[in-house]
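Peer 1: data-v5.cif is reproduced below (mmCIF, C-alpha atoms).
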data_my_file
loop_
_atom_site.group_PDB
_atom_site.id
_atom_site.type_symbol
_atom_site.label_atom_id
_atom_site.label_comp_id
_atom_site.auth_asym_id
_atom_site.auth_seq_id
_atom_site.Cartn_x
_atom_site.Cartn_y
_atom_site.Cartn_z
ATOM 1 C CA VAL A 1 0.000 0.000 0.000
ATOM 2 C CA LEU A 2 2.793 2.436 0.923
ATOM 3 C CA TRP A 3 5.440 0.852 -1.306
ATOM 4 C CA GLY A 4 5.261 3.543 -4.006
ATOM 5 C CA PRO A 5 6.192 6.515 -1.790
ATOM 6 C CA VAL A 6 8.789 4.483 0.137
ATOM 7 C CA ILE A 7 10.451 3.224 -3.052
ATOM 8 C CA GLU A 8 10.450 6.720 -4.538
ATOM 9 C CA LYS A 9 11.806 8.366 -1.362
ATOM 10 C CA LEU A 10 14.614 5.811 -1.006
ATOM 11 C CA GLY A 11 15.454 5.918 -4.704
ATOM 12 C CA ILE A 12 15.054 2.174 -5.153
ATOM 13 C CA THR A 13 15.337 1.258 -8.811
ATOM 14 C CA GLY A 14 15.440 -2.538 -8.579
ATOM 15 C CA THR A 15 12.363 -4.625 -9.100
ATOM 16 C CA ARG A 16 13.375 -7.681 -7.093
ATOM 17 C CA ARG A 17 12.232 -8.203 -3.528
ATOM 18 C CA GLY A 18 13.425 -10.242 -0.581
ATOM 19 C CA ILE A 19 12.006 -11.203 2.796
ATOM 20 C CA VAL A 20 13.470 -12.723 5.963
ATOM 21 C CA GLY A 21 11.443 -14.672 8.514
ATOM 22 C CA HIS A 22 12.328 -16.200 11.878
ATOM 23 C CA SER A 23 10.314 -19.006 13.467
ATOM 24 C CA LEU A 24 6.633 -18.540 12.560
ATOM 25 C CA GLY A 25 7.709 -15.597 10.397
ATOM 26 C CA CYS A 26 9.038 -18.188 7.945
ATOM 27 C CA GLY A 27 5.424 -18.875 6.978
ATOM 28 C CA THR A 28 5.038 -15.217 6.073
ATOM 29 C CA ALA A 29 8.315 -15.270 4.153
ATOM 30 C CA ILE A 30 7.329 -18.363 2.154
ATOM 31 C CA ASN A 31 3.833 -17.099 1.335
ATOM 32 C CA THR A 32 4.675 -13.474 0.473
ATOM 33 C CA GLY A 33 5.255 -12.358 -3.094
ATOM 34 C CA ASP A 34 5.812 -14.599 -6.079
ATOM 35 C CA ARG A 35 8.638 -16.868 -7.227
ATOM 36 C CA SER A 36 10.774 -13.819 -8.088
ATOM 37 C CA TRP A 37 11.208 -13.013 -4.385
ATOM 38 C CA ALA A 38 14.295 -14.198 -2.482
ATOM 39 C CA ARG A 39 13.389 -15.723 0.868
ATOM 40 C CA VAL A 40 15.350 -16.459 4.040
ATOM 41 C CA CYS A 41 13.794 -18.784 6.624
ATOM 42 C CA ILE A 42 15.602 -18.922 9.973
ATOM 43 C CA ALA A 43 14.577 -21.468 12.608
ATOM 44 C CA GLY A 44 11.269 -22.323 10.931
ATOM 45 C CA TYR A 45 9.797 -24.215 7.982
ATOM 46 C CA ALA A 46 11.172 -23.638 4.478
ATOM 47 C CA ALA A 47 8.113 -24.725 2.489
ATOM 48 C CA ASN A 48 4.405 -23.973 2.398
ATOM 49 C CA GLN A 49 1.874 -26.422 3.827
ATOM 50 C CA GLY A 50 1.874 -28.364 0.586
ATOM 51 C CA GLY A 51 5.637 -28.887 0.870
ATOM 52 C CA GLN A 52 6.327 -26.528 -2.052
ATOM 53 C CA ALA A 53 8.991 -23.833 -2.084
ATOM 54 C CA ASP A 54 9.362 -21.537 -5.101
ATOM 55 C CA GLY A 55 12.180 -19.180 -5.969
ATOM 56 C CA ALA A 56 15.446 -18.513 -4.177
ATOM 57 C CA ILE A 57 15.295 -19.737 -0.572
ATOM 58 C CA LEU A 58 17.913 -19.882 2.162
ATOM 59 C CA PHE A 59 16.797 -22.126 5.035
ATOM 60 C CA ILE A 60 18.815 -21.975 8.273
ATOM 61 C CA SER A 61 18.261 -24.443 11.113
ATOM 62 C CA SER A 62 20.090 -25.852 14.123
ATOM 63 C CA VAL A 63 20.252 -29.132 16.005
ATOM 64 C CA ASN A 64 19.940 -27.155 19.267
ATOM 65 C CA ASP A 65 16.676 -25.444 18.326
ATOM 66 C CA GLY A 66 14.195 -26.680 20.913
ATOM 67 C CA ALA A 67 11.251 -24.602 19.669
ATOM 68 C CA VAL A 68 11.370 -25.815 16.048
ATOM 69 C CA PRO A 69 13.468 -28.990 16.362
ATOM 70 C CA LEU A 70 15.538 -30.021 13.357
ATOM 71 C CA ASN A 71 14.473 -33.648 13.824
ATOM 72 C CA ARG A 72 10.893 -32.495 13.021
ATOM 73 C CA LEU A 73 12.084 -30.466 10.025
ATOM 74 C CA ARG A 74 14.744 -32.639 8.426
ATOM 75 C CA ASP A 75 12.290 -34.866 6.539
ATOM 76 C CA ARG A 76 10.260 -31.806 5.501
ATOM 77 C CA ILE A 77 13.151 -30.041 3.767
ATOM 78 C CA PRO A 78 12.207 -30.242 0.084
ATOM 79 C CA SER A 79 14.438 -32.616 -1.886
ATOM 80 C CA ASP A 80 15.585 -29.877 -4.280
ATOM 81 C CA PHE A 81 17.427 -28.022 -1.480
ATOM 82 C CA VAL A 82 21.213 -28.359 -1.403
ATOM 83 C CA GLN A 83 22.328 -28.872 2.198
ATOM 84 C CA PHE A 84 25.480 -27.458 3.798
ATOM 85 C CA GLY A 85 26.860 -27.525 7.311
ATOM 86 C CA ASP A 86 27.758 -24.284 9.019
ATOM 87 C CA ASP A 87 31.424 -25.221 8.553
ATOM 88 C CA SER A 88 31.137 -24.933 4.751
ATOM 89 C CA PRO A 89 33.333 -22.412 2.888
ATOM 90 C CA LEU A 90 30.099 -21.083 1.380
ATOM 91 C CA VAL A 91 28.796 -20.254 4.859
ATOM 92 C CA ARG A 92 32.098 -19.076 6.376
ATOM 93 C CA PRO A 93 34.139 -17.795 3.423
ATOM 94 C CA MET A 94 36.579 -15.788 5.547
ATOM 95 C CA ASP A 95 37.657 -18.933 7.416
ATOM 96 C CA PHE A 96 38.754 -20.460 4.101
ATOM 97 C CA GLU A 97 40.129 -17.458 2.215
ATOM 98 C CA VAL A 98 43.783 -18.384 2.690
ATOM 99 C CA VAL A 99 43.238 -22.021 1.676
ATOM 100 C CA GLN A 100 41.379 -21.385 -1.571
ATOM 101 C CA ASP A 101 42.866 -20.332 -4.901
ATOM 102 C CA SER A 102 39.905 -18.113 -5.809
ATOM 103 C CA PRO A 103 38.368 -15.299 -3.759
ATOM 104 C CA PRO A 104 35.533 -16.475 -1.468
ATOM 105 C CA ASN A 105 33.014 -14.231 -3.198
ATOM 106 C CA GLN A 106 33.286 -16.398 -6.314
ATOM 107 C CA GLN A 107 31.184 -19.107 -4.682
ATOM 108 C CA GLN A 108 27.444 -18.987 -5.275
ATOM 109 C CA PHE A 109 24.590 -20.228 -3.147
ATOM 110 C CA PRO A 110 22.374 -22.772 -4.901
ATOM 111 C CA LEU A 111 18.902 -21.397 -5.657
ATOM 112 C CA LYS A 112 17.518 -23.459 -2.771
ATOM 113 C CA THR A 113 19.992 -23.768 0.070
ATOM 114 C CA ALA A 114 19.666 -25.352 3.510
ATOM 115 C CA VAL A 115 22.325 -24.534 6.115
ATOM 116 C CA ILE A 116 22.250 -26.763 9.174
ATOM 117 C CA PHE A 117 24.212 -25.904 12.319
ATOM 118 C CA GLU A 118 25.195 -29.306 13.714
ATOM 119 C CA ARG A 119 28.010 -28.513 16.153
ATOM 120 C CA ARG A 120 27.648 -29.394 19.816
ATOM 121 C CA ASP A 121 27.443 -25.659 20.623
ATOM 122 C CA ALA A 122 25.091 -24.852 17.731
ATOM 123 C CA PRO A 123 22.657 -21.948 18.201
ATOM 124 C CA ASN A 124 19.300 -22.422 19.862
ATOM 125 C CA HIS A 125 16.027 -20.847 18.715
ATOM 126 C CA ILE A 126 16.658 -17.490 20.395
ATOM 127 C CA SER A 127 20.353 -17.306 19.395
ATOM 128 C CA PHE A 128 19.292 -16.120 15.932
ATOM 129 C CA LEU A 129 17.705 -12.950 17.365
ATOM 130 C CA SER A 130 19.468 -9.656 18.066
ATOM 131 C CA ASP A 131 21.917 -9.530 20.969
ATOM 132 C CA GLY A 132 20.283 -6.358 22.343
ATOM 133 C CA VAL A 133 16.813 -7.891 22.321
ATOM 134 C CA ASN A 134 18.079 -11.077 23.921
ATOM 135 C CA ASN A 135 19.900 -9.162 26.667
ATOM 136 C CA ALA A 136 16.721 -7.192 27.391
ATOM 137 C CA MET A 137 14.768 -10.464 27.596
ATOM 138 C CA ILE A 138 17.291 -11.854 30.071
ATOM 139 C CA ASP A 139 16.994 -8.739 32.231
ATOM 140 C CA LEU A 140 13.201 -8.724 32.133
ATOM 141 C CA LEU A 141 12.248 -12.391 32.078
ATOM 142 C CA SER A 142 14.924 -14.145 34.160
ATOM 143 C CA PRO A 143 12.970 -13.815 37.405
ATOM 144 C CA LEU A 144 9.966 -15.473 35.737
ATOM 145 C CA LEU A 145 11.875 -18.434 34.252
ATOM 146 C CA PRO A 146 11.656 -20.697 37.335
ATOM 147 C CA VAL A 147 7.897 -20.059 37.568
ATOM 148 C CA ALA A 148 7.380 -20.831 33.866
ATOM 149 C CA GLN A 149 9.453 -24.005 34.177
ATOM 150 C CA ALA A 150 7.565 -25.124 37.301
ATOM 151 C CA LEU A 151 4.270 -24.604 35.463
ATOM 152 C CA LYS A 152 5.669 -26.388 32.389
ATOM 153 C CA ILE A 153 5.041 -23.315 30.194
ATOM 154 C CA PRO A 154 7.101 -23.513 26.976
ATOM 155 C CA VAL A 155 9.869 -20.909 27.038
ATOM 156 C CA LEU A 156 11.032 -21.236 23.385
ATOM 157 C CA ASP A 157 14.667 -21.938 24.358
ATOM 158 C CA PHE A 158 14.913 -18.906 26.649
ATOM 159 C CA ASP A 159 16.310 -21.244 29.307
ATOM 160 C CA LYS A 160 19.015 -22.465 26.894
ATOM 161 C CA TYR A 161 19.810 -18.959 25.714
ATOM 162 C CA LYS A 162 20.223 -17.668 29.267
ATOM 163 C CA ILE A 163 23.138 -20.120 29.543
ATOM 164 C CA SER A 164 24.622 -19.860 26.021
ATOM 165 C CA GLN A 165 24.164 -16.103 25.362
ATOM 166 C CA ASP A 166 25.521 -16.693 21.865
ATOM 167 C CA SER A 167 23.549 -14.298 19.676
ATOM 168 C CA ALA A 168 26.611 -12.142 18.868
ATOM 169 C CA PRO A 169 28.755 -15.041 17.567
ATOM 170 C CA THR A 170 25.699 -16.474 15.790
ATOM 171 C CA ALA A 171 25.131 -13.122 14.083
ATOM 172 C CA GLU A 172 28.787 -13.065 12.963
ATOM 173 C CA ILE A 173 28.012 -16.142 10.858
ATOM 174 C CA VAL A 174 24.357 -15.625 9.938
ATOM 175 C CA ILE A 175 24.272 -11.938 8.940
ATOM 176 C CA PRO A 176 27.052 -12.157 6.310
ATOM 177 C CA MET A 177 25.522 -15.396 4.983
ATOM 178 C CA VAL A 178 22.058 -13.828 4.640
ATOM 179 C CA ARG A 179 23.554 -10.665 3.152
ATOM 180 C CA SER A 180 25.483 -12.690 0.541
ATOM 181 C CA PHE A 181 22.446 -14.790 -0.344
ATOM 182 C CA LEU A 182 20.192 -11.756 -0.766
ATOM 183 C CA LYS A 183 22.835 -9.813 -2.677
ATOM 184 C CA GLN A 184 23.329 -12.752 -5.045
ATOM 185 C CA ASN A 185 19.598 -13.135 -5.648
ATOM 186 C CA LEU A 186 18.454 -9.521 -5.591
ATOM 187 C CA LEU A 187 21.250 -7.692 -7.386
ATOM 188 C CA SER A 188 22.210 -10.150 -10.118
ATOM 189 C CA GLY A 189 20.813 -9.254 -13.511
ATOM 190 C CA GLU A 190 19.451 -5.823 -12.488
#
Just dump the structure as structure tokens.

Peer 2:
Amino acid sequence: VLWGPVIEKLGITGTRRGIVGHSLGCGTAINTGDRSWARVCIAGYAANQGGQADGAILFISSVNDGAVPLNRLRDRIPSDFVQFGDDSPLVRPMDFEVVQDSPPNQQQFPLKTAVIFERRDAPNHISFLSDGVNNAMIDLLSPLLPVAQALKIPVLDFDKYKISQDSAPTAEIVIPMVRSFLKQNLLSGE
């Protein structure tokens, strides 16, 4: 509805669009726009209810996600997704720059990419959120955690995050990966 004035004010000339969703926001990301949109789904499902996923999609999941467990998702990742671990040169190009003959930016994400964090210290559901937001949640919600746990109220990995507090190192991996994926799929051919 307001796209026209926003696009004009910002001087956007491209016609491609992208969207990023976390957790249930992945449903919004998958169902918004058409197949020309680039989509990033973090800690949520990477396909619509019919198991279909159109266009460029980056799906990011973790074995330590207790809210949207990978063991529930693994069989639902569409077969046309190419899967990588978080230790891949595609995911962490700077870690491999010295070893490779070509610059890391030469590597391209497949159109449909799944990145799975499988390390022992892999991120949990909340690790993918902003460090500032997570710190505020710790300050505000920590006193309520024992009550929620005693009442068996789901805490969406808040209990795990209070221990790991790993959103900053998670962001050091995830943000450049998402930026590269979107840049590849939104700026190519414009």

Peer 1: The PyMOL selection byres ((chain A and resi 119) around 10) on the file shown: which residues, as a PyMOL selection string?

Peer 2: chain A and resi 62-64+85-87+116-118+120-123

Peer 1: Counting all atoms listed in the file, which residue out of A:Gln108, A:Ser130, A:Ser88, A:Ser61 sits closest to A:Asn185?

Peer 2: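 Among A:Gln108, A:Ser130, A:Ser88, A:Ser61, it is A:Gln108 that comes nearest to A:Asn185.
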
Peer 1: Run through the PyMOL selection byres ((chain A and resi 180-183) around 12) on the given coordinates and return the selected residues as a PyMOL selection string.

Peer 2: chain A and resi 14+16-20+37-41+56-60+90-93+104-115+173-179+184-190

Peer 1: One number please: atom CA of A:Thr32 to atom CA of A:Ile126, in Å, one decimal.

Peer 2: 23.6 Å

Peer 1: Using only C-alpha atoms for the distances, tell me which of A:Lys162, A:Thr170, A:Pro69, A:Leu129 is nearest to A:Pro143.

Peer 2: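 Counting only C-alpha atoms, the residue closest to A:Pro143 is A:Lys162.
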
Peer 1: For A:Leu140, which residue among A:Ala43, A:Gly55, A:Phe158, A:Ala171 is the nearest when counting only C-alpha atoms?

Peer 2: A:Phe158
